[in-house]
$ cat input.cif   # mmCIF, C-alpha atoms and all ligand atoms
data_start
loop_
_atom_site.label_atom_id
_atom_site.label_comp_id
_atom_site.auth_asym_id
_atom_site.auth_seq_id
_atom_site.Cartn_x
_atom_site.Cartn_y
_atom_site.Cartn_z
CA MET I 28 3.33 7.80 11.90
CA THR I 29 5.23 10.87 10.94
CA MET I 30 5.02 12.68 7.68
CA THR I 31 7.91 15.12 7.70
CA LYS I 32 6.92 17.38 4.83
CA LYS I 33 4.52 17.21 2.00
CA LEU I 34 6.92 18.74 -0.48
CA PRO I 35 9.21 15.75 -1.08
CA ALA I 36 6.26 13.47 -1.72
CA VAL I 37 4.87 15.97 -4.19
CA LEU I 38 8.22 16.28 -5.95
CA LEU I 39 8.46 12.54 -6.14
CA ALA I 40 4.94 12.36 -7.46
CA ALA I 41 5.91 14.82 -10.16
CA GLY I 42 8.45 12.31 -11.41
CA LEU I 43 11.52 14.12 -10.19
CA VAL I 44 12.62 11.06 -8.32
CA ALA I 45 15.26 10.05 -10.84
CA GLY I 46 17.25 13.20 -10.21
CA LEU I 47 17.29 12.55 -6.48
CA SER I 48 18.95 9.15 -6.64
CA ALA I 49 21.49 8.71 -3.90
CA CYS I 50 23.35 5.94 -2.24
CA ALA I 51 23.63 5.04 1.41
CA PRO I 52 26.34 2.95 3.01
CA ALA I 53 25.47 -0.67 3.57
CA GLY I 54 25.25 -0.46 7.35
CA SER I 55 27.41 -1.97 10.01
CA SER I 56 27.06 -5.72 9.58
CA SER I 57 30.22 -7.46 8.51
CA PRO I 58 30.38 -7.38 4.70
CA ALA I 59 32.13 -10.00 2.67
CA ALA I 60 35.88 -9.78 2.86
CA GLU I 61 37.62 -9.36 -0.49
CA GLY I 62 37.18 -12.49 -2.58
CA GLU I 63 34.97 -14.18 0.00
CA ALA I 64 31.16 -14.30 -0.28
CA ALA I 65 29.12 -13.46 2.85
CA THR I 66 26.21 -15.76 3.55
CA CYS I 67 22.91 -14.62 2.19
CA ASN I 68 20.52 -15.89 4.84
CA VAL I 69 17.21 -14.04 4.71
CA GLY I 70 14.09 -14.12 6.87
CA ILE I 71 11.00 -12.75 5.12
CA SER I 72 8.08 -11.81 7.36
CA MET I 73 4.79 -11.07 5.60
CA PRO I 74 1.54 -9.99 7.27
CA THR I 75 -1.08 -12.44 5.99
CA ARG I 76 -1.99 -15.00 3.37
CA SER I 77 -5.54 -13.69 3.29
CA LEU I 78 -4.68 -11.04 0.70
CA GLU I 79 -3.49 -12.03 -2.73
CA ARG I 80 -0.84 -9.33 -2.92
CA TRP I 81 1.11 -10.60 0.10
CA ILE I 82 1.16 -14.15 -1.24
CA ASN I 83 2.59 -12.86 -4.52
CA ASP I 84 5.04 -10.57 -2.71
CA GLY I 85 6.37 -13.28 -0.41
CA GLU I 86 6.61 -16.09 -2.90
CA GLY I 87 8.00 -13.86 -5.67
CA LEU I 88 10.75 -12.52 -3.45
CA LYS I 89 11.63 -15.97 -2.10
CA GLU I 90 11.96 -17.31 -5.63
CA LYS I 91 14.22 -14.43 -6.72
CA LEU I 92 16.47 -14.77 -3.66
CA GLU I 93 16.76 -18.54 -3.95
CA ALA I 94 17.73 -18.14 -7.60
CA ALA I 95 20.51 -15.87 -6.29
CA ASP I 96 21.67 -18.66 -3.96
CA CYS I 97 20.26 -17.20 -0.75
CA THR I 98 18.79 -19.28 2.06
CA VAL I 99 15.26 -18.02 2.64
CA ASP I 100 12.71 -18.54 5.41
CA LEU I 101 9.31 -17.08 4.43
CA GLN I 102 6.68 -16.69 7.17
CA TYR I 103 3.14 -15.28 7.23
CA ALA I 104 1.77 -14.02 10.53
CA ASP I 105 -1.99 -14.28 10.06
CA ASN I 106 -2.32 -10.51 10.69
CA LYS I 107 -1.33 -11.12 14.35
CA THR I 108 1.43 -8.92 15.74
CA ASP I 109 2.53 -11.38 18.45
CA GLN I 110 2.89 -14.09 15.83
CA GLN I 111 4.97 -11.78 13.63
CA ILE I 112 7.27 -10.95 16.56
CA SER I 113 7.88 -14.62 17.45
CA GLN I 114 8.43 -15.53 13.79
CA ILE I 115 11.07 -12.79 13.52
CA GLN I 116 12.75 -13.99 16.74
CA ASN I 117 12.83 -17.55 15.40
CA GLN I 118 14.30 -16.41 12.09
CA VAL I 119 17.12 -14.62 13.89
CA ALA I 120 17.70 -17.60 16.18
CA GLY I 121 17.80 -19.76 13.04
CA GLY I 122 20.65 -17.72 11.55
CA ALA I 123 18.97 -15.05 9.40
CA LYS I 124 21.40 -12.19 8.72
CA ILE I 125 18.95 -10.03 6.77
CA LEU I 126 15.28 -9.51 7.65
CA VAL I 127 12.67 -8.29 5.18
CA VAL I 128 9.60 -7.25 7.14
CA ALA I 129 6.17 -6.08 5.99
CA ALA I 130 4.87 -5.01 9.40
CA ILE I 131 1.35 -5.74 10.54
CA ASP I 132 1.55 -2.95 13.10
CA GLY I 133 4.30 -0.45 12.32
CA GLN I 134 4.63 0.53 16.00
CA THR I 135 5.26 -2.74 17.80
CA LEU I 136 8.28 -4.45 16.27
CA GLY I 137 10.99 -2.22 17.82
CA PRO I 138 12.29 -4.47 20.65
CA ALA I 139 12.43 -7.65 18.48
CA LEU I 140 14.27 -5.77 15.73
CA GLU I 141 16.65 -4.04 18.14
CA ASP I 142 17.55 -7.46 19.45
CA ALA I 143 18.17 -8.63 15.88
CA ALA I 144 20.26 -5.55 15.07
CA SER I 145 22.42 -6.21 18.14
CA GLN I 146 23.30 -9.53 16.47
CA ASP I 147 24.41 -7.76 13.27
CA VAL I 148 21.20 -8.45 11.38
CA GLN I 149 20.28 -5.89 8.69
CA ILE I 150 16.63 -4.93 8.49
CA ILE I 151 14.68 -3.89 5.42
CA ALA I 152 11.15 -2.54 5.90
CA TYR I 153 9.10 -3.93 3.03
CA ASP I 154 6.22 -1.86 1.63
CA ARG I 155 5.25 -0.57 5.13
CA LEU I 156 7.48 1.56 7.35
CA ILE I 157 8.51 0.33 10.81
CA ASN I 158 8.22 3.14 13.34
CA GLY I 159 9.88 4.29 16.54
CA THR I 160 13.17 2.38 16.28
CA GLU I 161 16.73 2.77 15.02
CA ALA I 162 16.62 -0.88 13.98
CA VAL I 163 15.48 -0.38 10.42
CA ASP I 164 18.23 0.09 7.85
CA TYR I 165 16.31 0.57 4.60
CA TYR I 166 12.77 0.94 3.33
CA ALA I 167 11.57 -0.26 -0.08
CA THR I 168 8.06 0.74 -1.14
CA PHE I 169 5.90 2.42 -3.73
CA ASP I 170 5.31 6.15 -3.44
CA ASN I 171 2.43 5.85 -0.99
CA TYR I 172 1.40 9.52 -1.12
CA LYS I 173 1.19 9.25 -4.90
CA VAL I 174 -1.09 6.19 -4.64
CA GLY I 175 -3.68 8.32 -2.81
CA GLN I 176 -3.06 11.30 -5.06
CA LEU I 177 -3.79 9.19 -8.16
CA GLN I 178 -7.07 8.06 -6.57
CA GLY I 179 -8.05 11.64 -5.70
CA GLN I 180 -7.12 12.95 -9.15
CA PHE I 181 -9.06 10.13 -10.82
CA ILE I 182 -12.20 11.15 -8.91
CA GLU I 183 -11.59 14.83 -9.68
CA GLU I 184 -11.29 14.12 -13.41
CA GLN I 185 -14.15 11.65 -13.70
CA LEU I 186 -16.58 14.01 -12.00
CA GLY I 187 -15.30 17.18 -13.72
CA LEU I 188 -14.78 18.82 -10.33
CA ALA I 189 -12.09 21.17 -11.62
CA ASP I 190 -14.64 22.43 -14.19
CA GLY I 191 -17.13 23.27 -11.46
CA GLU I 192 -19.36 20.18 -11.73
CA GLY I 193 -21.23 19.03 -8.63
CA PRO I 194 -22.48 18.57 -6.01
CA PHE I 195 -21.85 14.82 -5.77
CA ASN I 196 -22.33 12.43 -2.83
CA LEU I 197 -18.99 11.01 -1.66
CA GLU I 198 -18.27 8.28 0.90
CA PRO I 199 -14.59 8.22 1.92
CA PHE I 200 -12.86 5.21 3.50
CA ALA I 201 -9.34 4.86 4.90
CA GLY I 202 -7.03 1.92 5.55
CA SER I 203 -5.97 0.17 8.74
CA PRO I 204 -5.11 2.63 11.56
CA ASP I 205 -2.03 0.57 12.51
CA ASP I 206 -0.60 0.71 8.96
CA ASN I 207 1.73 3.64 8.34
CA ASN I 208 0.94 3.53 4.62
CA ALA I 209 -2.73 4.24 5.20
CA ALA I 210 -1.95 7.77 6.40
CA PHE I 211 -0.04 8.51 3.21
CA PHE I 212 -2.78 7.04 0.99
CA PHE I 213 -5.39 9.19 2.71
CA ALA I 214 -3.28 12.36 2.67
CA GLY I 215 -2.58 11.98 -1.07
CA ALA I 216 -6.28 11.63 -1.88
CA TRP I 217 -7.60 14.14 0.64
CA ASP I 218 -5.21 16.89 -0.51
CA VAL I 219 -7.05 16.68 -3.85
CA LEU I 220 -10.60 16.12 -2.55
CA LEU I 221 -10.91 18.15 0.66
CA PRO I 222 -11.09 21.53 -1.17
CA TYR I 223 -14.18 20.24 -3.04
CA VAL I 224 -15.74 19.04 0.22
CA GLU I 225 -15.11 22.48 1.68
CA SER I 226 -16.64 24.22 -1.34
CA GLY I 227 -19.72 21.95 -1.24
CA LYS I 228 -19.05 20.27 -4.61
CA LEU I 229 -18.51 16.99 -2.75
CA VAL I 230 -21.04 16.24 -0.03
CA VAL I 231 -20.55 13.43 2.51
CA PRO I 232 -24.06 12.43 3.69
CA SER I 233 -22.69 10.05 6.37
CA GLY I 234 -20.66 12.89 7.88
CA LYS I 235 -17.61 10.57 7.83
CA SER I 236 -15.49 13.33 6.41
CA PRO I 237 -12.23 14.19 8.21
CA THR I 238 -11.68 17.95 8.42
CA ASP I 239 -7.96 17.45 7.83
CA ASN I 240 -5.52 14.70 6.82
CA ASP I 241 -4.81 13.75 10.43
CA GLY I 242 -8.43 12.74 11.03
CA TRP I 243 -8.21 9.65 8.82
CA LYS I 244 -8.06 7.03 11.60
CA ALA I 245 -11.69 7.76 12.51
CA ILE I 246 -12.74 6.27 9.16
CA GLY I 247 -10.02 3.58 9.01
CA ILE I 248 -10.92 -0.10 8.63
CA LEU I 249 -8.75 -2.09 11.07
CA GLY I 250 -6.93 -4.96 9.37
CA TRP I 251 -8.07 -3.89 5.88
CA GLY I 252 -10.91 -6.47 5.98
CA SER I 253 -13.44 -6.71 3.12
CA ASP I 254 -16.18 -7.84 5.52
CA ASP I 255 -15.65 -4.85 7.80
CA ALA I 256 -15.71 -2.47 4.84
CA GLN I 257 -18.93 -4.10 3.68
CA ALA I 258 -20.52 -3.75 7.12
CA GLU I 259 -19.46 -0.09 7.29
CA MET I 260 -20.90 0.63 3.84
CA ASP I 261 -24.13 -1.22 4.78
CA ASN I 262 -24.43 1.06 7.81
CA ARG I 263 -23.86 4.20 5.82
CA LEU I 264 -26.37 3.21 3.13
CA GLN I 265 -29.02 2.17 5.66
CA SER I 266 -28.59 5.21 7.88
CA PHE I 267 -27.92 8.08 5.50
CA TYR I 268 -29.39 7.17 2.10
CA THR I 269 -32.99 6.53 3.06
CA GLY I 270 -34.70 9.25 1.03
CA GLY I 271 -33.73 7.98 -2.44
CA ASP I 272 -30.33 9.70 -2.33
CA LYS I 273 -27.59 7.82 -4.18
CA VAL I 274 -23.87 7.49 -3.60
CA ASP I 275 -21.99 8.99 -6.57
CA VAL I 276 -18.43 8.17 -5.56
CA VAL I 277 -16.53 6.09 -3.00
CA LEU I 278 -12.90 6.77 -2.10
CA SER I 279 -11.57 3.30 -1.32
CA PRO I 280 -7.85 3.16 -0.51
CA ASN I 281 -7.35 -0.41 -1.73
CA ASP I 282 -8.89 -3.41 -3.42
CA SER I 283 -9.82 -5.43 -0.33
CA LEU I 284 -11.98 -2.56 0.94
CA ALA I 285 -13.37 -1.94 -2.55
CA LEU I 286 -14.59 -5.56 -2.74
CA GLY I 287 -16.59 -5.19 0.47
CA ILE I 288 -18.01 -1.82 -0.62
CA GLU I 289 -19.02 -3.31 -3.98
CA ALA I 290 -20.78 -6.24 -2.27
CA SER I 291 -22.69 -3.77 -0.11
CA LEU I 292 -23.79 -1.66 -3.08
CA ASP I 293 -24.86 -4.78 -4.94
CA ALA I 294 -26.95 -5.93 -1.96
CA ALA I 295 -28.53 -2.46 -1.76
CA GLY I 296 -29.69 -2.75 -5.38
CA TYR I 297 -27.19 -0.50 -7.18
CA GLU I 298 -26.62 -1.60 -10.78
CA PRO I 299 -23.44 -1.38 -12.86
CA GLY I 300 -23.94 0.86 -15.86
CA SER I 301 -26.86 2.82 -14.37
CA ASP I 302 -26.42 4.12 -10.83
CA TRP I 303 -23.19 2.37 -9.79
CA PRO I 304 -20.80 4.89 -8.16
CA ILE I 305 -17.20 5.64 -9.09
CA ILE I 306 -15.02 3.41 -6.87
CA THR I 307 -11.24 3.55 -6.51
CA GLY I 308 -8.85 0.77 -5.45
CA GLN I 309 -5.23 -0.33 -5.22
CA ASP I 310 -3.27 -3.56 -5.86
CA ALA I 311 -4.84 -5.00 -9.05
CA ASP I 312 -6.01 -8.13 -7.22
CA VAL I 313 -7.64 -10.63 -9.61
CA ALA I 314 -11.11 -10.27 -8.04
CA ASN I 315 -10.91 -6.51 -8.48
CA VAL I 316 -9.63 -6.69 -12.04
CA LYS I 317 -12.71 -8.79 -12.76
CA ALA I 318 -14.84 -6.14 -11.02
CA ILE I 319 -13.24 -3.46 -13.23
CA LEU I 320 -14.08 -5.47 -16.34
CA ALA I 321 -17.66 -5.89 -15.04
CA ASP I 322 -18.03 -2.09 -14.44
CA GLN I 323 -18.21 -2.56 -10.67
CA GLN I 324 -14.93 -0.79 -9.95
CA SER I 325 -13.61 2.23 -11.83
CA MET I 326 -9.86 1.89 -11.34
CA THR I 327 -7.11 0.32 -9.33
CA VAL I 328 -3.67 1.70 -8.56
CA TRP I 329 -1.30 -0.97 -9.73
CA LYS I 330 1.93 -1.53 -7.85
CA ASP I 331 3.99 -4.08 -9.72
CA THR I 332 5.16 -6.06 -6.72
CA ARG I 333 7.63 -7.93 -8.91
CA GLU I 334 9.54 -4.64 -9.25
CA LEU I 335 9.48 -4.19 -5.49
CA GLY I 336 10.88 -7.71 -5.13
CA SER I 337 13.67 -6.91 -7.59
CA GLN I 338 14.53 -3.73 -5.72
CA VAL I 339 14.73 -5.60 -2.41
CA GLU I 340 16.77 -8.35 -4.02
CA SER I 341 19.25 -5.75 -5.24
CA MET I 342 19.38 -4.16 -1.75
CA ILE I 343 20.18 -7.60 -0.33
CA THR I 344 22.80 -8.32 -2.97
CA SER I 345 24.49 -5.01 -2.12
CA ILE I 346 24.38 -5.68 1.62
CA VAL I 347 25.88 -9.14 1.18
CA ALA I 348 28.62 -7.81 -1.10
CA GLY I 349 29.33 -4.92 1.26
CA ASP I 350 28.42 -2.41 -1.47
CA GLU I 351 26.44 0.81 -1.18
CA VAL I 352 22.68 0.27 -1.15
CA GLU I 353 20.86 2.38 -3.72
CA VAL I 354 18.07 4.60 -2.38
CA ASN I 355 16.20 7.52 -4.00
CA ASP I 356 14.56 9.23 -1.04
CA THR I 357 16.24 10.31 2.17
CA GLU I 358 13.62 12.80 3.41
CA THR I 359 10.07 11.51 3.38
CA TYR I 360 9.98 8.52 5.70
CA ASP I 361 10.77 9.68 9.22
CA ASN I 362 9.86 6.82 11.56
CA GLY I 363 9.90 9.03 14.64
CA THR I 364 13.46 7.98 15.52
CA LYS I 365 15.27 8.37 12.21
CA VAL I 366 14.65 9.17 8.57
CA VAL I 367 14.86 5.78 6.92
CA PRO I 368 16.76 5.71 3.57
CA SER I 369 14.15 4.58 1.09
CA TYR I 370 13.67 3.40 -2.45
CA LEU I 371 10.29 4.51 -3.83
CA LEU I 372 8.77 2.95 -6.93
CA ASP I 373 6.08 4.47 -9.12
CA PRO I 374 2.44 3.31 -8.92
CA VAL I 375 0.25 3.29 -12.07
CA VAL I 376 -3.50 3.86 -12.64
CA VAL I 377 -5.31 0.99 -14.38
CA THR I 378 -8.86 1.34 -15.78
CA LYS I 379 -10.98 -1.01 -17.87
CA ASP I 380 -9.36 0.31 -21.06
CA ASP I 381 -5.86 -0.64 -20.05
CA VAL I 382 -6.26 -3.92 -18.16
CA GLU I 383 -5.04 -5.78 -21.22
CA SER I 384 -2.17 -3.46 -22.19
CA THR I 385 -0.80 -3.14 -18.65
CA LEU I 386 -1.72 -6.04 -16.38
CA VAL I 387 -2.10 -8.82 -18.92
CA GLU I 388 0.71 -7.89 -21.32
CA SER I 389 3.19 -7.50 -18.47
CA GLY I 390 2.19 -10.95 -17.19
CA PHE I 391 1.00 -9.57 -13.83
CA VAL I 392 -2.40 -11.23 -14.33
CA LYS I 393 -3.29 -14.05 -16.69
CA ALA I 394 -5.96 -13.25 -19.27
CA ALA I 395 -7.78 -16.50 -18.45
CA ASP I 396 -7.94 -15.64 -14.73
CA VAL I 397 -9.89 -12.48 -15.45
CA GLY I 398 -12.05 -13.91 -18.21
CA LEU I 399 -10.28 -12.23 -21.15
C1 LIG Q 1 -0.28 -2.00 1.17
C2 LIG Q 1 -1.42 -2.14 0.19
C3 LIG Q 1 -2.42 -3.17 0.69
C4 LIG Q 1 -2.79 -2.93 2.14
C5 LIG Q 1 -3.61 -4.06 2.72
C6 LIG Q 1 -0.83 -1.69 2.53
O1 LIG Q 1 0.19 -1.50 3.45
O2 LIG Q 1 0.61 -0.99 0.73
O3 LIG Q 1 -0.91 -2.52 -1.07
O4 LIG Q 1 -3.58 -3.11 -0.07
O5 LIG Q 1 -1.64 -2.77 2.93
O6 LIG Q 1 -2.89 -5.23 2.78
#

$ encode --input "input.cif" --output "structure tokens" --more "lines below"
Ligand code: BGC
Amino acid sequence: MTMTKKLPAVLLAAGLVAGLSACAPAGSSSPAAEGEAATCNVGISMPTRSLERWINDGEGLKEKLEAADCTVDLQYADNKTDQQISQIQNQVAGGAKILVVAAIDGQTLGPALEDAASQDVQIIAYDRLINGTEAVDYYATFDNYKVGQLQGQFIEEQLGLADGEGPFNLEPFAGSPDDNNAAFFFAGAWDVLLPYVESGKLVVPSGKSPTDNDGWKAIGILGWGSDDAQAEMDNRLQSFYTGGDKVDVVLSPNDSLALGIEASLDAAGYEPGSDWPIITGQDADVANVKAILADQQSMTVWKDTRELGSQVESMITSIVAGDEVEVNDTETYDNGTKVVPSYLLDPVVVTKDDVESTLVESGFVKAADVGL
């Protein structure tokens, strides 16, 4: 993955994004001639059904597009790259003119997408960037650097690090090494936390502490699996916390990892309300919202995937109409071949106090599903 500069991400994080709004031309595929509607035939390729967010993303987007009279083929690839490539090829062979792809591995889709682009298919990278190819027209996502920054700042505030509190025992985790987003999540958090590690206010007993942002893959959990995160946390607890030392804080980049880490802490005898550490997350999955309400998780970074769906729907509507596609970032997401015109949405911190006022009131989760 390539992170061109930190500055744009920081500016975006500071909420200056609105002022940067820009438009990009709707690519080279044949737009609708005057008075004649182009066909809206969309292939959606999602990574896996094993995570709640991707089910919501895929089904939500399909529903929106069908309501707008598009033909939609939604496929899930079981977290297997080969399967994702053949599903994309089948969608193109079946007549898809627009592809919406949440890549499993951001590096491997180039040839299949180049083939699609040569048949006038427009390609939108969904949530995760697709690297190393010209064949990606637009990128719609949340501000991934900001997701990590919100997690880092939450830890900083909860522990009073800026006021000189410490030392505290930290265990950092990172996301899947093949997911471009994971680098941004880690960089956002580590830019806040690394200075405290360097000053000794955060101590990492396991030693799994990258010395810079680029070292994140060494602590990445391939495939974002809860079980693997649990096994990793078990190892750290059994190997490095033998003398009665306790973990004070865990940097978890998302909810699936947080679930595994929480199961490990529970098995090791940690108790919510007494010695349970601060744990971060991302996605507001139902299981994690329940964990937040049960004091087993401190926060989640909520990305309202319905908004992402609406943004992608409006990109598609513009492409089909031959209009300009609205983007608000043309600097941050360099895929190694080109800077991909992007639309970044804002992520939001949710803690126990605002589950009701944010997640429930907006209809993102149902009160009954989380026991409220
Ligand atoms: C997404 C996260 C998600 C993770 C695991 C990332 O690319 O941005 O929302 O938790 O993948 O599926």

$ closest_residue --input "input.cif" --among "I:Arg155, I:Lys89, I:Lys244, I:Lys124" --to "I:Pro74" --atoms "all atoms listed in the file"
I:Arg155

$ closest_residue --input "input.cif" --among "I:Thr238, I:Asn83, I:Asn171, I:Gln176" --to "I:Val224" --atoms "all atoms listed in the file"
I:Thr238

$ closest_atom_pairs --input "input.cif" --of "chain I" --to "ligand LIG 1 (chain Q)" --cutoff "8 Å" --atoms "only C-alpha atoms and all ligand atoms" --output "JSON lines"
{"residue": "I:Pro74", "atom": "CA", "partner": "Q:LIG1", "partner_atom": "O6", "distance": 7.9}
{"residue": "I:Leu78", "atom": "CA", "partner": "Q:LIG1", "partner_atom": "O6", "distance": 6.4}
{"residue": "I:Arg80", "atom": "CA", "partner": "Q:LIG1", "partner_atom": "O3", "distance": 7.1}
{"residue": "I:Trp81", "atom": "CA", "partner": "Q:LIG1", "partner_atom": "O6", "distance": 7.2}
{"residue": "I:Ala129", "atom": "CA", "partner": "Q:LIG1", "partner_atom": "O1", "distance": 7.9}
{"residue": "I:Asp154", "atom": "CA", "partner": "Q:LIG1", "partner_atom": "O2", "distance": 5.7}
{"residue": "I:Arg155", "atom": "CA", "partner": "Q:LIG1", "partner_atom": "O1", "distance": 5.4}
{"residue": "I:Thr168", "atom": "CA", "partner": "Q:LIG1", "partner_atom": "O2", "distance": 7.9}
{"residue": "I:Phe169", "atom": "CA", "partner": "Q:LIG1", "partner_atom": "O2", "distance": 7.7}
{"residue": "I:Asn171", "atom": "CA", "partner": "Q:LIG1", "partner_atom": "O2", "distance": 7.3}
{"residue": "I:Gly202", "atom": "CA", "partner": "Q:LIG1", "partner_atom": "C4", "distance": 7.3}
{"residue": "I:Ser203", "atom": "CA", "partner": "Q:LIG1", "partner_atom": "C5", "distance": 7.7}
{"residue": "I:Asp206", "atom": "CA", "partner": "Q:LIG1", "partner_atom": "O1", "distance": 6.0}
{"residue": "I:Asn207", "atom": "CA", "partner": "Q:LIG1", "partner_atom": "O1", "distance": 7.3}
{"residue": "I:Asn208", "atom": "CA", "partner": "Q:LIG1", "partner_atom": "O1", "distance": 5.2}
{"residue": "I:Ala209", "atom": "CA", "partner": "Q:LIG1", "partner_atom": "O1", "distance": 6.7}
{"residue": "I:Gly250", "atom": "CA", "partner": "Q:LIG1", "partner_atom": "C5", "distance": 7.5}
{"residue": "I:Trp251", "atom": "CA", "partner": "Q:LIG1", "partner_atom": "C5", "distance": 5.5}
{"residue": "I:Pro280", "atom": "CA", "partner": "Q:LIG1", "partner_atom": "O4", "distance": 7.6}
{"residue": "I:Asn281", "atom": "CA", "partner": "Q:LIG1", "partner_atom": "O4", "distance": 4.9}
{"residue": "I:Asp282", "atom": "CA", "partner": "Q:LIG1", "partner_atom": "O4", "distance": 6.3}
{"residue": "I:Ser283", "atom": "CA", "partner": "Q:LIG1", "partner_atom": "O4", "distance": 6.7}
{"residue": "I:Gln309", "atom": "CA", "partner": "Q:LIG1", "partner_atom": "O4", "distance": 6.1}
{"residue": "I:Asp310", "atom": "CA", "partner": "Q:LIG1", "partner_atom": "O3", "distance": 5.4}
{"residue": "I:Lys330", "atom": "CA", "partner": "Q:LIG1", "partner_atom": "O3", "distance": 7.4}

$ residues_around --input "input.cif" --residues "I:Leu136" --least-positions-apart "6" --cutoff "9 Å" --atoms "all atoms listed in the file" --output "list in words"
Thr108, Gln111, Ile112, Ala130, Ile157, Asn158, Gly159 and Thr160 of chain I

$ residues_around --input "input.cif" --residues "stretch 140-150 of chain I" --least-positions-apart "6" --cutoff "7 Å" --atoms "only C-alpha atoms" --output "list in words"
Ser56, Val119, Lys124, Ile125, Leu126, Val127, Ala162, Val163, Asp164 and Tyr165 of chain I

$ decode --input "input.cif" --residues "stretch 187-222 of chain I" --atoms "C-alpha atoms" --output "CSV table (one decimal), in the first residue's frame"
chain,number,residue,atom,x,y,z
I,187,GLY,CA,-4.8,10.7,30.9
I,188,LEU,CA,-1.6,10.2,28.9
I,189,ALA,CA,-1.4,13.9,27.9
I,190,ASP,CA,-1.5,14.8,31.6
I,191,GLY,CA,1.5,12.6,32.3
I,192,GLU,CA,-0.3,9.6,33.7
I,193,GLY,CA,1.3,6.2,33.3
I,194,PRO,CA,3.0,3.8,32.9
I,195,PHE,CA,0.3,1.5,31.5
I,196,ASN,CA,0.6,-1.9,29.9
I,197,LEU,CA,-0.5,-1.8,26.3
I,198,GLU,CA,-1.0,-4.7,23.8
I,199,PRO,CA,-1.4,-3.4,20.2
I,200,PHE,CA,-3.0,-5.4,17.4
I,201,ALA,CA,-3.3,-4.6,13.7
I,202,GLY,CA,-5.6,-5.8,10.9
I,203,SER,CA,-5.1,-8.1,7.9
I,204,PRO,CA,-1.7,-7.6,6.2
I,205,ASP,CA,-3.4,-7.9,2.7
I,206,ASP,CA,-6.0,-5.1,3.5
I,207,ASN,CA,-4.9,-1.7,2.5
I,208,ASN,CA,-7.1,-0.1,5.1
I,209,ALA,CA,-5.3,-1.8,7.9
I,210,ALA,CA,-2.2,0.3,7.3
I,211,PHE,CA,-4.2,3.5,7.6
I,212,PHE,CA,-5.9,2.3,10.8
I,213,PHE,CA,-2.6,1.5,12.4
I,214,ALA,CA,-0.9,4.7,11.3
I,215,GLY,CA,-3.8,6.8,12.6
I,216,ALA,CA,-3.6,5.2,16.1
I,217,TRP,CA,0.2,4.8,16.2
I,218,ASP,CA,0.8,8.5,15.4
I,219,VAL,CA,-1.0,9.2,18.7
I,220,LEU,CA,0.4,6.3,20.8
I,221,LEU,CA,4.0,5.8,19.7
I,222,PRO,CA,5.3,9.0,21.4
